[in-house]
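Student: I have a structure here, written as structure tokens, and I will follow up with some questions on it.
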Amino acid sequence: MDQSPVHKGELDGIAQRLDTLIELISRAVPPRPRAPDFAAADAFVWNAAGAELEPIARVNRVDIDLLQGVDSARDQLLANTQRFAKGFAANNVLLWGARGMGKSSLVKAVHARVNADFEKAGSSERLKLVEIHREDIESLPALMRLIRDGNHRTILFCDDLSFDTGDASYKSLKAALDGGIEGRPDTVLFYATSNRRHLLPRDMIENERSTAINPGEAVEEKVSLSDRFGLWLGFHKCSQDEYLAMIDAYVTHHGLDYDADRLRAEALEWSTTRGSRSGRVAFQFIQDLAGRLNRTL
């Protein structure tokens with residue numbers, strides 16, 4: 001039986017539907033991640049939506065010598081990072097504790113010190129720092145796969161890491177730290193800062209304990225997340241003397257000319273009005289002082 005010919009309008013309609021289908025598929029399938037250009041910078045931010053590393057030309061950080069009152073944590077983190085940068089065994093690190101005591105500042109300062117040491121030694125080696133935002137933790141395995149084949153040693157850094165009740169993205173972090181069947185790449189370490197030692201809220205842990213058939217095993221999975229970090233560094237509220245030492249270090253570093261007695265009195269008054277003493281409060285006081293002296297930092 002003869003078949004009626006297909007009209008041009010029908011062919012155009014089919015072609016249009018195919019084009020629409022192809023466009024929908026391209027939207028649903030994420031683009032293949034581009035190989036990172038580690039030569040572009042020493043620090044990057046992970047863009048999870050675009051599956052790419054964005055280079056940061058100028059990192060917001062302070063000199064490591066300005067971080068007062070955290071001597072033990074500073075020395076341990078620097079030693080761990082130096083070993084890693086030189087190709088030796090090193091641990092993932094969790095920096096936890098009081099707010100404003102320089103946890104994230106220390107990570108960035110140590111990264112700068114290690115690369116400065118490489119430069120002084122005439123080495124072309126550079127340690128790379130990649131920041132991943134808390135809300136992008138689920139993409140961490142993809143990020144680690146992307147940099148797995150890189151020739152540079154890389155620290156993945158997440159600031160203010162914690163998980164709320166019902167948040168299951170911590171499982172992605174556990175998988176990334178353990179490395180799964182492939183193992184964590186030798187060229188990658190994970191550093192995180194948090195106000196919580198166990199990264200999860202107490203009510204989340206207690207709820208698991210009260211509703212589980214075997215409470216011990218249920219809670220163990222939650223608490224064991226922090227066990228994936230081989231090195232724990234605790235940060236605690238600083239004393240008055242440590243707070244004043246921070247003030248003096250900033251004043252000296254920035255060359256601020258101010259009467260010592262007035263400086264002490266105003267710095268203590270500033271901390272009293274804020275209700276706390278910390279490195280962050282000290283720097284905020286220095287910003288105020290520099291402004292009153294018509295200076296920039």
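Naming works like this for the structure tokens: A, B, ... for the chains as they're shown, residue 1 at the start of each chain, ligands 1 onward in shown order.
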List as an MDAnalysis selection string the protein and nucleic acid residues near Ile64 in chain A, meaning an atom at most 7 Å away when only C-alpha atoms are counted, but skip any in the same chain fewer than 4 places from it.
Tutor: chainID A and resid 106 109:110
Student: Take the selection from the previous step and output its residues with N, CA and C atoms, as a short mmCIF file (atom, residue, chain, number, x, y, z; two decimals), in the first residue's frame.
Tutor:
```
data_model
loop_
_atom_site.label_atom_id
_atom_site.label_comp_id
_atom_site.auth_asym_id
_atom_site.auth_seq_id
_atom_site.Cartn_x
_atom_site.Cartn_y
_atom_site.Cartn_z
N LEU A 106 44.33 31.04 60.84
CA LEU A 106 45.53 30.22 60.99
C LEU A 106 45.74 29.33 59.78
N ALA A 109 47.08 31.53 57.06
CA ALA A 109 48.42 32.02 57.39
C ALA A 109 49.46 30.92 57.24
N VAL A 110 49.12 29.69 57.64
CA VAL A 110 50.04 28.57 57.50
C VAL A 110 50.29 28.26 56.03
#
```
Student: List as a list of chain:residue names the protein and nucleic acid residues near Ala249 in chain A, meaning an atom at most 12 Å away when only C-alpha atoms are counted, but skip any in the same chain fewer than 5 places from it.
Tutor: A:Val62, A:Asp63, A:Ile64, A:Asp65, A:Leu66, A:Leu67, A:Gln68, A:Gly69, A:Glu242, A:Tyr243, A:Leu244, A:His254, A:Gly255, A:Leu256, A:Gly279, A:Ala282, A:Phe283, A:Ile286
Student: Restricting the output to C-alpha atoms, write the selected residues as a PDB file, in the first residue's frame.
Tutor:
```pdb
ATOM      1  CA  VAL A  62      46.967  38.011  58.257  1.00  0.00           C
ATOM      2  CA  ASP A  63      50.613  37.221  58.922  1.00  0.00           C
ATOM      3  CA  ILE A  64      51.112  34.114  61.050  1.00  0.00           C
ATOM      4  CA  ASP A  65      53.216  36.080  63.567  1.00  0.00           C
ATOM      5  CA  LEU A  66      50.183  38.229  64.393  1.00  0.00           C
ATOM      6  CA  LEU A  67      48.174  35.261  65.647  1.00  0.00           C
ATOM      7  CA  GLN A  68      48.711  35.389  69.402  1.00  0.00           C
ATOM      8  CA  GLY A  69      47.467  33.031  72.122  1.00  0.00           C
ATOM      9  CA  GLU A 242      46.707  37.186  75.633  1.00  0.00           C
ATOM     10  CA  TYR A 243      44.124  39.688  74.384  1.00  0.00           C
ATOM     11  CA  LEU A 244      46.427  42.611  75.173  1.00  0.00           C
ATOM     12  CA  HIS A 254      50.874  48.471  61.561  1.00  0.00           C
ATOM     13  CA  GLY A 255      53.081  51.140  63.113  1.00  0.00           C
ATOM     14  CA  LEU A 256      50.288  52.830  65.063  1.00  0.00           C
ATOM     15  CA  GLY A 279      41.485  37.722  68.177  1.00  0.00           C
ATOM     16  CA  ALA A 282      41.219  42.634  69.066  1.00  0.00           C
ATOM     17  CA  PHE A 283      41.385  43.256  65.323  1.00  0.00           C
ATOM     18  CA  ILE A 286      42.612  47.980  65.903  1.00  0.00           C
TER      19      ILE A 286
END
```
Student: As a ChimeraX atom specification, please: all residues of range 32-144 of chain A that backbone DSSP puts in alpha helix (DSSP H).
Tutor: /A:71-85,103-120,140-144
Student: Need to verify the contact set: Thr81 in chain A, 9 Å, only C-alpha atoms, exclusion of same-chain residues closer than 3 positions in sequence. Can you return it as a list of chain:residue names?
Tutor: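 Skipping anything fewer than 3 positions along the chain leaves A:Gln76, A:Leu77, A:Leu78, A:Phe84, A:Ala85, A:Lys86, A:Ala90, A:Asn91, A:Val110, A:His111, A:Val114, A:Ile155.
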Student: Restricted to C-alpha atoms, what would the selected residues look like written as a PDB file, in the first residue's frame?
Tutor:
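So the final result, stored in again06.pdb, reads:
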```
ATOM      1  CA  GLN A  76      51.105  21.693  65.259  1.00  0.00           C
ATOM      2  CA  LEU A  77      49.229  22.893  62.184  1.00  0.00           C
ATOM      3  CA  LEU A  78      52.365  24.370  60.628  1.00  0.00           C
ATOM      4  CA  PHE A  84      52.391  17.287  53.740  1.00  0.00           C
ATOM      5  CA  ALA A  85      53.829  19.947  51.409  1.00  0.00           C
ATOM      6  CA  LYS A  86      57.148  18.069  51.322  1.00  0.00           C
ATOM      7  CA  ALA A  90      50.162  14.070  57.342  1.00  0.00           C
ATOM      8  CA  ASN A  91      46.669  14.178  58.864  1.00  0.00           C
ATOM      9  CA  VAL A 110      50.040  28.567  57.502  1.00  0.00           C
ATOM     10  CA  HIS A 111      49.391  28.111  53.784  1.00  0.00           C
ATOM     11  CA  VAL A 114      54.664  27.191  53.665  1.00  0.00           C
ATOM     12  CA  ILE A 155      44.518  21.414  51.020  1.00  0.00           C
TER      13      ILE A 155
END
```
Student: Can you tell me, as a list in words, what residues are no more than 8 Å from Leu161 in chain A when counting only C-alpha atoms, ignoring any on the same chain fewer than 2 positions away?
Tutor: Arg134, Cys158, Asp159, Phe163, Ala192, Thr193, Ser194, Asn195 and Leu199 of chain A
Student: Show which residues sit within 12 Å of Ala260 in chain A, as a PyMOL selection string. Count only C-alpha atoms, and ignore same-chain residues fewer than 4 positions away.
Tutor: chain A and resi 244+247-248+251-252+256+264-267
Student: Between A:Met144, A:Asn92, A:Ser124, A:Leu173, single out the one closest to Phe229 in chain A, counting only C-alpha atoms.
Tutor: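 Looking only at the distances to Phe229 in chain A, the closest residue turns out to be A:Asn92.
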Student: In Å, with one decimal, what is the gap from CA of Val130 in chain A to CA of Leu156 in chain A?
Tutor: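 It comes out at 4.9 Å.
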Student: Asn151 in chain A: which residues within 9 Å, counting only C-alpha atoms, same-chain residues fewer than 4 positions away excluded, as a PyMOL selection string?
Tutor: chain A and resi 38+147+187
Student: Using only C-alpha atoms for the distances, tell me which of A:Ala290, A:Ile14, A:Leu233, A:Cys238 is nearest to Leu94 in chain A.
Tutor: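 Ranked by minimum distance to Leu94 in chain A, first place goes to A:Leu233.
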Student: For Arg126 in chain A, which of A:Ala51, A:Ala79, A:Ala41, A:Ala73 is the closest residue, counting only C-alpha atoms?
Tutor: A:Ala41
Student: To one decimal place in Å, what is the distance between CA of Leu297 in chain A and CA of Ser104 in chain A?
Tutor: 19.5 Å
Student: Have a look at A:Arg17, A:Arg280, A:Lys128, A:Arg228 and name the one nearest to Lys103 in chain A; count only C-alpha atoms.
Tutor: A:Arg280
Student: With distances taken over only C-alpha atoms, which of A:Ala89, A:Ala39, A:Asp136, A:Asp75 is nearest to Ala57 in chain A?
Tutor: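 With only C-alpha atoms as the atom set, the closest residue is A:Ala39.
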Student: How far is it from CA of Leu146 in chain A to CA of Arg113 in chain A, in Å with one decimal?
Tutor: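 Separation of CA of Leu146 in chain A and CA of Arg113 in chain A: 26.0 Å.
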Student: So that I can check the surroundings of Trp46 in chain A, please list as an NGL selection string every protein, DNA and RNA residue that reaches within 6 Å of it, counting only C-alpha atoms and ignoring chain neighbours fewer than 2 positions away.
Tutor: :A and (48 or 53 or 132)
